[in-house]
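Colleague: Quick one: structure below, then a few questions.
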Amino acid sequence: MDEAKITIIGGGVIGLAIAYELSKEYDDIVLLERHDRFGMETSSRNSEVIHTGIYYPPGSLKARLCVEGAGLLYEYCRSYAIPHREIGKLIVAVEQSEINRIASLKDTAEQNGVSDLKIIDKSQILSMEPKVNALAAIYSSKTGIIDVHKYLNSLYRLASTSGVIFSLNSEVVSIERQNTVYVIGIRGDKYKLKSKIVINSAGLMSDKIASMAGIDTDKAGYRLAYVKGSYFSYTKKSPVSRLIYPMPHKNLSGLGVHATLDMSNRLRFGPDVEHFDSVDYRVDFNKRDIFYQNACRIIRGLERESFSPDMASIRPKIKGDGIRDFIITHESDIGLEGFYNLIGIESPGLTASLAIARHLKNMIRENMN
């Protein structure tokens with residue numbers, strides 16, 4: 001039976017960031033990924049935005065790790081030549097009723113440590129973005145975009161160079177606690193792996209991995225709901241040069257259909273919100289009119305025929321009412337010493353990835369001492 005000191009389950013951006021961060025301090029690390037390459041799910045199906053921490057409840061892990069993570073991610077991009085740009089973002093109020101929410105949103109952001117925000121009026125908006133339809137807006141100068149695929153490749157390369165073993169096509173089907181170690185079963189009896197520390201960063205499958213370890217996910221509040229978000233791209237030249245977001249939905253159930261740009265200046269709108277029981281990445285062309293109408297609410301002069309189905313993402317949202325925070329916990333209190341769960345790591349998970357990895361490393365360091 002193969003053995004490892006630390007086993008990471010899941011090769012998305014969080015698992016890769018953890019592998020990179022832990023490999024600076026520990027050896028004998030294995031990462032298990034069920035697909036034939038890393039970053040195949042939520043990590044590579046998103047808006048590629050570097051958030052600043054505007055939306056999240058003060059004191060939450062989402063707020064703290066987003067703010068910290070944005071700084072770490074920009075630093076990483078500069079150090080390892082990852083394509084990125086601080087292009088800025090406008091969060092727009094298009095109706096009078098939304099203007100009253102702007103000051104409250106800015107106050108929340110400032111409590112989180114976000115210091116670059118300005119409230120601007122219609123004339124200032126039009127001087128920056130003549131095609132944007134808004135009465136007022138919050139301007140975030142530090143919001144940016146990143147080439148996610150090159151970021152993922154970089155994390156993989158650095159972790160591999162530091163000795164992390166990546167086992168692809170290795171779907172975990174069982175986890176059994178035996179004395180002071182865990183025995184991890186792989187589909188197809190490929191092999192079994194014995195590990196002292198197990199890190200569950202399995203994204204969409206993280207609640208199922210927790211259940212394999214013997215955790216009642218409903219009782220623990222770990223059960224996930226799949227939320228699908230579709231995107232449409234705009235095939236003509238973008239009429240905007242920054243990210244344009246509407247005011248967020250109540251309880252952050254979504255940030256609304258927003259306009260983002262990628263590193264090639266391609267304009268994309270999304271995501272919407274659909275609740276699914278399974279993973280389905282198809283984009284329904286029949287949604288084009290709805291996307292067009294929502295997009296026209298924030299940007300003028302768009303052409304319906306230039307909206308084209310792009311991609312869909314599935315976000316691992318924790319079931320329950322209200323705003324749910326990241327779950328990052330050591331399960332020693334229930335007798336699972338050395339088992340770490342990361343569950344419900346949705347947006348701003350990409351931005352927070354390096355901060356999440358450092359946070360977990362500190363937890364492991366404290367528990368090993």
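Ligands are numbered from 1 in the order shown, residues from 1 within each chain, and chains are lettered A, B, ... in the order they appear in the structure tokens.
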Tell me, as a ChimeraX atom specification, which residues lie within 10 Å of A:Tyr292, counting only C-alpha atoms; anything in the same chain fewer than 6 positions away does not count.
Modeller: /A:232,234,257,269,299,302-307
Colleague: Tell me which protein, DNA and RNA residues are within 10 Å of A:Ala103, counting only C-alpha atoms, leaving out same-chain ones fewer than 6 positions away, and put them as a ChimeraX atom specification.
Modeller: /A:109,118-119,137-138
Colleague: Pull C-alpha atoms from the residues just selected and write them as a compact mmCIF listing (two decimals), in the first residue's frame.
Modeller:
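Saved result, part01.txt, follows:
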```
# COMPACT_ATOMS: atom_id res chain seq x y z
CA ALA A 109 -16.34 47.04 1.80
CA LYS A 118 -15.24 55.94 -4.83
CA ILE A 119 -18.90 56.81 -5.26
CA ALA A 137 -21.90 53.84 -9.19
CA ILE A 138 -19.14 52.54 -6.96
```
Colleague: Can you tell me, as an MDAnalysis selection string, what residues are no more than 6 Å from stretch 159-174 of chain A when counting only C-alpha atoms, ignoring any on the same chain fewer than 5 positions away?
Modeller: chainID A and resid 19:20 23 29:36 184:187 212
Colleague: With all heavy atoms kept, could you save the residues just selected as a compact mmCIF listing (two decimals), in the first residue's frame?
Modeller:
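And here's selection_28.txt as it stands now:
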```txt
# COMPACT_ATOMS: atom_id res chain seq x y z
N ALA A 19 -1.32 22.71 -2.50
CA ALA A 19 -0.13 21.91 -2.82
C ALA A 19 1.10 22.79 -2.96
O ALA A 19 2.18 22.47 -2.43
CB ALA A 19 -0.38 21.13 -4.12
N TYR A 20 0.94 23.90 -3.64
CA TYR A 20 2.05 24.86 -3.81
C TYR A 20 2.52 25.40 -2.45
O TYR A 20 3.73 25.42 -2.16
CB TYR A 20 1.59 25.99 -4.71
CG TYR A 20 2.38 27.27 -4.62
CD1 TYR A 20 3.68 27.35 -5.13
CD2 TYR A 20 1.84 28.41 -4.02
CE1 TYR A 20 4.41 28.54 -5.04
CE2 TYR A 20 2.56 29.59 -3.93
CZ TYR A 20 3.84 29.65 -4.44
OH TYR A 20 4.56 30.82 -4.34
N SER A 23 4.04 22.64 -0.05
CA SER A 23 5.31 22.08 -0.54
C SER A 23 6.50 22.94 -0.15
O SER A 23 7.65 22.49 -0.22
CB SER A 23 5.26 21.90 -2.05
OG SER A 23 5.22 23.14 -2.73
N ILE A 29 3.95 14.78 -0.28
CA ILE A 29 2.59 15.25 -0.53
C ILE A 29 2.06 14.62 -1.82
O ILE A 29 2.77 14.62 -2.84
CB ILE A 29 2.53 16.78 -0.66
CG1 ILE A 29 3.04 17.45 0.62
CG2 ILE A 29 1.12 17.25 -0.98
CD1 ILE A 29 3.22 18.96 0.49
N VAL A 30 0.84 14.11 -1.78
CA VAL A 30 0.17 13.55 -2.96
C VAL A 30 -1.12 14.31 -3.18
O VAL A 30 -1.87 14.60 -2.24
CB VAL A 30 -0.13 12.05 -2.78
CG1 VAL A 30 -0.98 11.52 -3.94
CG2 VAL A 30 1.16 11.25 -2.69
N LEU A 31 -1.41 14.66 -4.43
CA LEU A 31 -2.69 15.26 -4.79
C LEU A 31 -3.45 14.31 -5.69
O LEU A 31 -2.92 13.86 -6.72
CB LEU A 31 -2.49 16.62 -5.49
CG LEU A 31 -3.78 17.40 -5.78
CD1 LEU A 31 -3.54 18.92 -5.69
CD2 LEU A 31 -4.36 17.06 -7.15
N LEU A 32 -4.68 13.98 -5.31
CA LEU A 32 -5.55 13.10 -6.08
C LEU A 32 -6.60 13.91 -6.84
O LEU A 32 -7.29 14.73 -6.24
CB LEU A 32 -6.26 12.10 -5.15
CG LEU A 32 -5.37 11.24 -4.25
CD1 LEU A 32 -6.24 10.41 -3.31
CD2 LEU A 32 -4.47 10.34 -5.08
N GLU A 33 -6.71 13.68 -8.13
CA GLU A 33 -7.68 14.38 -8.96
C GLU A 33 -8.44 13.36 -9.81
O GLU A 33 -7.82 12.51 -10.46
CB GLU A 33 -6.98 15.40 -9.86
CG GLU A 33 -7.81 15.99 -10.98
CD GLU A 33 -9.13 16.60 -10.51
OE1 GLU A 33 -9.11 17.37 -9.52
OE2 GLU A 33 -10.18 16.30 -11.12
N ARG A 34 -9.76 13.42 -9.80
CA ARG A 34 -10.55 12.40 -10.49
C ARG A 34 -10.55 12.56 -12.01
O ARG A 34 -10.81 11.61 -12.73
CB ARG A 34 -11.98 12.38 -9.96
CG ARG A 34 -12.80 13.62 -10.22
CD ARG A 34 -14.16 13.50 -9.55
NE ARG A 34 -14.98 14.68 -9.74
CZ ARG A 34 -16.24 14.65 -10.17
NH1 ARG A 34 -16.80 13.49 -10.45
NH2 ARG A 34 -16.93 15.75 -10.29
N HIS A 35 -10.28 13.76 -12.51
CA HIS A 35 -10.24 13.97 -13.96
C HIS A 35 -8.84 13.70 -14.50
O HIS A 35 -7.89 13.46 -13.75
CB HIS A 35 -10.67 15.39 -14.28
CG HIS A 35 -12.11 15.67 -13.96
ND1 HIS A 35 -13.15 15.03 -14.59
CD2 HIS A 35 -12.68 16.50 -13.05
CE1 HIS A 35 -14.30 15.46 -14.10
NE2 HIS A 35 -14.04 16.36 -13.16
N ASP A 36 -8.73 13.76 -15.84
CA ASP A 36 -7.43 13.46 -16.46
C ASP A 36 -6.50 14.67 -16.49
O ASP A 36 -5.38 14.59 -17.00
CB ASP A 36 -7.60 12.89 -17.86
CG ASP A 36 -8.32 13.82 -18.82
OD1 ASP A 36 -8.66 14.95 -18.40
OD2 ASP A 36 -8.58 13.41 -19.97
N ILE A 184 -7.24 5.54 1.92
CA ILE A 184 -8.05 6.14 0.88
C ILE A 184 -8.15 5.16 -0.29
O ILE A 184 -7.13 4.75 -0.86
CB ILE A 184 -7.43 7.47 0.40
CG1 ILE A 184 -7.26 8.43 1.59
CG2 ILE A 184 -8.28 8.11 -0.69
CD1 ILE A 184 -6.39 9.64 1.27
N GLY A 185 -9.39 4.81 -0.65
CA GLY A 185 -9.61 3.91 -1.77
C GLY A 185 -9.84 4.68 -3.06
O GLY A 185 -10.52 5.71 -3.06
N ILE A 186 -9.27 4.17 -4.15
CA ILE A 186 -9.37 4.81 -5.46
C ILE A 186 -10.22 3.93 -6.37
O ILE A 186 -10.10 2.70 -6.36
CB ILE A 186 -7.97 5.01 -6.08
CG1 ILE A 186 -7.02 5.69 -5.09
CG2 ILE A 186 -8.07 5.80 -7.38
CD1 ILE A 186 -7.44 7.06 -4.66
N ARG A 187 -11.10 4.55 -7.18
CA ARG A 187 -11.97 3.80 -8.08
C ARG A 187 -11.15 2.87 -8.99
O ARG A 187 -10.11 3.23 -9.50
CB ARG A 187 -12.79 4.75 -8.94
CG ARG A 187 -13.79 4.02 -9.86
CD ARG A 187 -14.71 4.99 -10.58
NE ARG A 187 -15.57 5.73 -9.67
CZ ARG A 187 -16.66 5.22 -9.06
NH1 ARG A 187 -17.01 3.96 -9.28
NH2 ARG A 187 -17.37 5.97 -8.25
N MET A 212 -17.75 10.32 3.11
CA MET A 212 -16.95 9.09 3.08
C MET A 212 -16.13 8.93 4.35
O MET A 212 -15.84 7.81 4.78
CB MET A 212 -16.02 9.11 1.87
CG MET A 212 -16.69 8.94 0.53
SD MET A 212 -15.45 9.01 -0.80
CE MET A 212 -16.51 9.31 -2.21
```
Colleague: Please identify which residues in stretch 108-254 of chain A DSSP calls strand (DSSP E or B) from the backbone, and express them as a PyMOL selection string.
Modeller: chain A and resi 117-121+132+136-140+144-146+165-167+172-178+181-186+192-200+224-234+243-246
Colleague: Just the selected residues (C-alpha atoms), exported as a PDB file, in the first residue's frame, please.
Modeller:
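Below you can see result.pdb, which holds the result:
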```
ATOM      1  CA  LEU A 117     -13.610  52.731  -3.625  1.00  0.00           C
ATOM      2  CA  LYS A 118     -15.239  55.939  -4.827  1.00  0.00           C
ATOM      3  CA  ILE A 119     -18.896  56.805  -5.264  1.00  0.00           C
ATOM      4  CA  ILE A 120     -19.339  58.595  -8.597  1.00  0.00           C
ATOM      5  CA  ASP A 121     -22.316  60.288 -10.259  1.00  0.00           C
ATOM      6  CA  VAL A 132     -22.910  52.545 -19.393  1.00  0.00           C
ATOM      7  CA  ALA A 136     -24.568  56.445  -9.792  1.00  0.00           C
ATOM      8  CA  ALA A 137     -21.897  53.840  -9.192  1.00  0.00           C
ATOM      9  CA  ILE A 138     -19.142  52.545  -6.962  1.00  0.00           C
ATOM     10  CA  TYR A 139     -15.794  52.594  -8.733  1.00  0.00           C
ATOM     11  CA  SER A 140     -13.260  49.963  -7.674  1.00  0.00           C
ATOM     12  CA  GLY A 144      -8.785  43.043 -12.037  1.00  0.00           C
ATOM     13  CA  ILE A 145      -8.754  40.062 -14.372  1.00  0.00           C
ATOM     14  CA  ILE A 146      -6.385  37.118 -14.688  1.00  0.00           C
ATOM     15  CA  ILE A 165       3.053  13.933  -6.688  1.00  0.00           C
ATOM     16  CA  PHE A 166      -0.040  14.438  -8.856  1.00  0.00           C
ATOM     17  CA  SER A 167      -2.185  11.368  -9.401  1.00  0.00           C
ATOM     18  CA  VAL A 172     -11.666   8.688  -4.306  1.00  0.00           C
ATOM     19  CA  VAL A 173     -14.389   6.166  -3.430  1.00  0.00           C
ATOM     20  CA  SER A 174     -13.674   5.421   0.243  1.00  0.00           C
ATOM     21  CA  ILE A 175     -11.925   6.855   3.276  1.00  0.00           C
ATOM     22  CA  GLU A 176     -11.347   4.725   6.362  1.00  0.00           C
ATOM     23  CA  ARG A 177      -9.755   5.776   9.620  1.00  0.00           C
ATOM     24  CA  GLN A 178      -7.274   3.124  10.832  1.00  0.00           C
ATOM     25  CA  VAL A 181      -3.862   7.195   9.537  1.00  0.00           C
ATOM     26  CA  TYR A 182      -6.480   7.247   6.778  1.00  0.00           C
ATOM     27  CA  VAL A 183      -6.758   4.610   4.098  1.00  0.00           C
ATOM     28  CA  ILE A 184      -8.054   6.139   0.876  1.00  0.00           C
ATOM     29  CA  GLY A 185      -9.613   3.908  -1.772  1.00  0.00           C
ATOM     30  CA  ILE A 186      -9.372   4.805  -5.460  1.00  0.00           C
ATOM     31  CA  LYS A 192      -5.008   2.376  -1.909  1.00  0.00           C
ATOM     32  CA  LEU A 193      -3.198   5.228  -0.259  1.00  0.00           C
ATOM     33  CA  LYS A 194      -2.366   5.527   3.422  1.00  0.00           C
ATOM     34  CA  SER A 195      -2.029   9.106   4.693  1.00  0.00           C
ATOM     35  CA  LYS A 196      -1.580  10.788   8.061  1.00  0.00           C
ATOM     36  CA  ILE A 197      -3.205  14.059   6.908  1.00  0.00           C
ATOM     37  CA  VAL A 198      -6.099  14.326   4.445  1.00  0.00           C
ATOM     38  CA  ILE A 199      -7.234  17.647   2.960  1.00  0.00           C
ATOM     39  CA  ASN A 200     -10.654  17.656   1.339  1.00  0.00           C
ATOM     40  CA  LEU A 224     -23.952  21.361  -1.076  1.00  0.00           C
ATOM     41  CA  ALA A 225     -26.413  22.605  -3.654  1.00  0.00           C
ATOM     42  CA  TYR A 226     -25.329  22.902  -7.275  1.00  0.00           C
ATOM     43  CA  VAL A 227     -25.947  26.358  -8.723  1.00  0.00           C
ATOM     44  CA  LYS A 228     -25.460  26.640 -12.459  1.00  0.00           C
ATOM     45  CA  GLY A 229     -24.451  29.889 -14.083  1.00  0.00           C
ATOM     46  CA  SER A 230     -24.501  30.340 -17.847  1.00  0.00           C
ATOM     47  CA  TYR A 231     -22.513  32.923 -19.812  1.00  0.00           C
ATOM     48  CA  PHE A 232     -23.023  34.578 -23.196  1.00  0.00           C
ATOM     49  CA  SER A 233     -20.185  36.243 -25.074  1.00  0.00           C
ATOM     50  CA  TYR A 234     -20.531  39.366 -27.201  1.00  0.00           C
ATOM     51  CA  LEU A 243     -16.017  45.413 -15.599  1.00  0.00           C
ATOM     52  CA  ILE A 244     -19.642  46.520 -15.185  1.00  0.00           C
ATOM     53  CA  TYR A 245     -21.703  44.962 -12.379  1.00  0.00           C
ATOM     54  CA  PRO A 246     -25.296  45.637 -11.322  1.00  0.00           C
TER      55      PRO A 246
END
```
Colleague: So which residues touch stretch 49-62 of chain A within 7 Å, counting only C-alpha atoms, skipping near sequence neighbours fewer than 2 positions away, as a VMD selection string?
Modeller: chain A and resid 47 64 to 67 70 105 108 to 109 111 to 112 114 142 to 146 325 to 326 348 351
Colleague: Restricting the output to all heavy atoms, write the selected residues as a short mmCIF file (atom, residue, chain, number, x, y, z; two decimals), in the first residue's frame.
Modeller:
```
data_model
loop_
_atom_site.label_atom_id
_atom_site.label_comp_id
_atom_site.auth_asym_id
_atom_site.auth_seq_id
_atom_site.Cartn_x
_atom_site.Cartn_y
_atom_site.Cartn_z
N SER A 47 -15.56 33.90 -14.23
CA SER A 47 -15.37 35.20 -14.88
C SER A 47 -13.91 35.66 -14.90
O SER A 47 -13.62 36.71 -15.47
CB SER A 47 -16.22 36.27 -14.18
OG SER A 47 -17.58 35.93 -14.22
N ARG A 64 -12.22 38.28 4.75
CA ARG A 64 -10.81 38.38 5.16
C ARG A 64 -9.88 37.75 4.14
O ARG A 64 -8.84 38.32 3.77
CB ARG A 64 -10.63 37.71 6.53
CG ARG A 64 -9.21 37.78 7.05
CD ARG A 64 -9.15 37.47 8.53
NE ARG A 64 -9.57 36.12 8.85
CZ ARG A 64 -8.77 35.05 8.77
NH1 ARG A 64 -7.51 35.19 8.38
NH2 ARG A 64 -9.20 33.85 9.10
N LEU A 65 -10.25 36.55 3.66
CA LEU A 65 -9.36 35.83 2.75
C LEU A 65 -9.40 36.41 1.34
O LEU A 65 -8.42 36.29 0.60
CB LEU A 65 -9.71 34.34 2.74
CG LEU A 65 -9.50 33.63 4.09
CD1 LEU A 65 -9.94 32.18 4.01
CD2 LEU A 65 -8.05 33.73 4.54
N CYS A 66 -10.51 37.05 0.98
CA CYS A 66 -10.57 37.72 -0.32
C CYS A 66 -9.63 38.93 -0.33
O CYS A 66 -8.85 39.11 -1.28
CB CYS A 66 -12.00 38.15 -0.64
SG CYS A 66 -12.18 38.97 -2.25
N VAL A 67 -9.71 39.75 0.69
CA VAL A 67 -8.85 40.95 0.76
C VAL A 67 -7.38 40.55 0.80
O VAL A 67 -6.55 41.07 0.05
CB VAL A 67 -9.22 41.82 1.98
CG1 VAL A 67 -8.23 42.95 2.16
CG2 VAL A 67 -10.64 42.37 1.82
N ALA A 70 -6.36 38.82 -2.64
CA ALA A 70 -6.18 39.70 -3.80
C ALA A 70 -4.75 40.24 -3.84
O ALA A 70 -4.09 40.24 -4.89
CB ALA A 70 -7.19 40.84 -3.76
N LEU A 105 -23.17 49.50 0.70
CA LEU A 105 -22.22 48.56 0.10
C LEU A 105 -20.79 49.05 0.27
O LEU A 105 -19.88 48.28 0.60
CB LEU A 105 -22.56 48.35 -1.38
CG LEU A 105 -21.79 47.27 -2.12
CD1 LEU A 105 -21.99 45.91 -1.48
CD2 LEU A 105 -22.23 47.23 -3.59
N THR A 108 -19.70 48.47 3.88
CA THR A 108 -19.35 47.07 4.10
C THR A 108 -17.94 46.79 3.60
O THR A 108 -17.13 46.16 4.29
CB THR A 108 -20.35 46.14 3.39
OG1 THR A 108 -21.64 46.29 3.98
CG2 THR A 108 -19.92 44.68 3.50
N ALA A 109 -17.66 47.27 2.39
CA ALA A 109 -16.34 47.04 1.80
C ALA A 109 -15.24 47.67 2.65
O ALA A 109 -14.17 47.06 2.87
CB ALA A 109 -16.31 47.61 0.38
N GLN A 111 -15.28 48.29 5.85
CA GLN A 111 -15.12 47.49 7.06
C GLN A 111 -14.24 46.26 6.79
O GLN A 111 -13.54 45.77 7.68
CB GLN A 111 -16.48 47.04 7.59
CG GLN A 111 -17.32 48.15 8.20
CD GLN A 111 -18.62 47.60 8.75
OE1 GLN A 111 -18.64 46.75 9.62
NE2 GLN A 111 -19.73 48.11 8.23
N ASN A 112 -14.28 45.78 5.53
CA ASN A 112 -13.46 44.63 5.16
C ASN A 112 -12.02 45.01 4.84
O ASN A 112 -11.19 44.13 4.57
CB ASN A 112 -14.08 43.92 3.94
CG ASN A 112 -15.38 43.23 4.27
OD1 ASN A 112 -15.66 42.93 5.43
ND2 ASN A 112 -16.19 42.97 3.26
N VAL A 114 -11.24 47.32 2.33
CA VAL A 114 -11.13 47.78 0.94
C VAL A 114 -11.10 49.30 0.95
O VAL A 114 -12.05 49.95 1.40
CB VAL A 114 -12.31 47.27 0.09
CG1 VAL A 114 -12.15 47.71 -1.36
CG2 VAL A 114 -12.42 45.75 0.19
N LYS A 142 -9.08 48.70 -8.07
CA LYS A 142 -8.18 47.57 -7.87
C LYS A 142 -8.74 46.24 -8.36
O LYS A 142 -8.02 45.23 -8.36
CB LYS A 142 -7.82 47.44 -6.39
CG LYS A 142 -7.01 48.62 -5.83
CD LYS A 142 -5.65 48.71 -6.48
CE LYS A 142 -4.81 49.82 -5.85
NZ LYS A 142 -3.49 49.94 -6.50
N THR A 143 -10.01 46.21 -8.76
CA THR A 143 -10.55 44.97 -9.31
C THR A 143 -9.85 44.66 -10.63
O THR A 143 -9.59 45.55 -11.43
CB THR A 143 -12.06 45.10 -9.54
OG1 THR A 143 -12.71 45.34 -8.29
CG2 THR A 143 -12.63 43.81 -10.15
N GLY A 144 -9.54 43.40 -10.84
CA GLY A 144 -8.78 43.04 -12.04
C GLY A 144 -9.24 41.75 -12.67
O GLY A 144 -10.23 41.13 -12.28
N ILE A 145 -8.50 41.33 -13.68
CA ILE A 145 -8.75 40.06 -14.37
C ILE A 145 -7.44 39.30 -14.48
O ILE A 145 -6.35 39.88 -14.41
CB ILE A 145 -9.37 40.27 -15.77
CG1 ILE A 145 -8.50 41.20 -16.62
CG2 ILE A 145 -10.78 40.81 -15.65
CD1 ILE A 145 -8.99 41.36 -18.06
N ILE A 146 -7.55 37.99 -14.66
CA ILE A 146 -6.39 37.12 -14.69
C ILE A 146 -6.61 36.02 -15.72
O ILE A 146 -7.75 35.62 -15.98
CB ILE A 146 -6.15 36.50 -13.28
CG1 ILE A 146 -4.91 35.61 -13.27
CG2 ILE A 146 -7.37 35.71 -12.81
CD1 ILE A 146 -4.55 35.09 -11.88
N ASP A 325 -20.76 31.23 4.70
CA ASP A 325 -19.32 31.48 4.65
C ASP A 325 -18.59 30.23 4.18
O ASP A 325 -19.15 29.13 4.14
CB ASP A 325 -18.83 31.89 6.04
CG ASP A 325 -17.52 32.68 6.00
OD1 ASP A 325 -17.00 32.92 4.90
OD2 ASP A 325 -17.03 33.04 7.08
N PHE A 326 -17.30 30.40 3.82
CA PHE A 326 -16.45 29.25 3.57
C PHE A 326 -16.40 28.37 4.82
O PHE A 326 -16.40 28.87 5.96
CB PHE A 326 -15.00 29.70 3.30
CG PHE A 326 -14.78 30.44 2.00
CD1 PHE A 326 -13.70 31.31 1.89
CD2 PHE A 326 -15.60 30.26 0.90
CE1 PHE A 326 -13.46 31.99 0.71
CE2 PHE A 326 -15.37 30.94 -0.29
CZ PHE A 326 -14.29 31.80 -0.37
N PRO A 348 -15.51 34.21 -3.50
CA PRO A 348 -14.30 34.59 -4.23
C PRO A 348 -13.15 33.60 -4.08
O PRO A 348 -12.01 34.00 -3.79
CB PRO A 348 -13.95 35.93 -3.60
CG PRO A 348 -14.30 35.72 -2.14
CD PRO A 348 -15.52 34.84 -2.15
N THR A 351 -9.88 34.32 -6.17
CA THR A 351 -9.13 35.45 -5.61
C THR A 351 -8.47 35.06 -4.29
O THR A 351 -7.32 35.43 -4.03
CB THR A 351 -10.05 36.65 -5.37
OG1 THR A 351 -10.67 37.02 -6.61
CG2 THR A 351 -9.29 37.84 -4.81
#
```
Colleague: Rounded to one decimal place, report the atom CA of A:Gln293-atom CA of A:Ser308 distance in Å.
Modeller: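 The value is 13.9 Å.
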Colleague: Using only C-alpha atoms, find the one residue out of A:Ile328, A:Ile323, A:Val240, A:Leu135 that sits nearest to A:Ile364.
Modeller: A:Ile328
Colleague: Mind the document's chain letters and residue numbers, and return as a list of chain:residue names the residues of stretch 177-275 of chain A that DSSP labels alpha helix (DSSP H).
Modeller: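 Filtering stretch 177-275 of chain A to alpha helix (DSSP H) leaves A:Ser206, A:Asp207, A:Lys208, A:Ile209, A:Ala210, A:Ser211, A:Met212, A:Thr217, A:Asp218, A:Lys219, A:Ala220.
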Colleague: Nearest to A:Asp2 among A:Tyr191, A:Asn46, A:Glu129, A:Ser97, with distances taken over only C-alpha atoms: which residue is it?
Modeller: A:Tyr191
Colleague: I want to know what sits within 12 Å of A:Asn367, based on only C-alpha atoms, with residues of the same chain fewer than 4 positions away left out; could you give that as a PyMOL selection string?
Modeller: chain A and resi 197+329-332+337-340+360-363
Colleague: Nearest to A:Ile102 among A:Gly39, A:Gly10, A:Gly71, A:Pro248, with distances taken over only C-alpha atoms: which residue is it?
Modeller: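 Looking at the shortest contact to A:Ile102, the residue is A:Pro248.
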Colleague: Find the residues near A:Ala17: any atom within 8 Å, counting only C-alpha atoms, skip ones fewer than 3 places away on the same chain, and give them as a list in words.
Modeller: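 Once the nearby chain positions are removed, what remains is Val13, Ile14, Tyr20, Glu21, Leu155, Ser353, Leu354 and Ala357 of chain A.
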Colleague: May I ask for the distance between atom CA of A:Ile343 and atom CA of A:His359, given in Å to one decimal place?
Modeller: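 So the two atoms, atom CA of A:Ile343 and atom CA of A:His359, lie 14.3 Å apart.
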Colleague: For A:Leu126, which of A:Lys5, A:Leu90, A:Ala295, A:Met247 is the closest residue, counting only C-alpha atoms?
Modeller: A:Leu90
Colleague: Between atom CA of A:Gly221 and atom CA of A:Gly322, measure the distance and give it in Å to one decimal.
Modeller: 13.1 Å
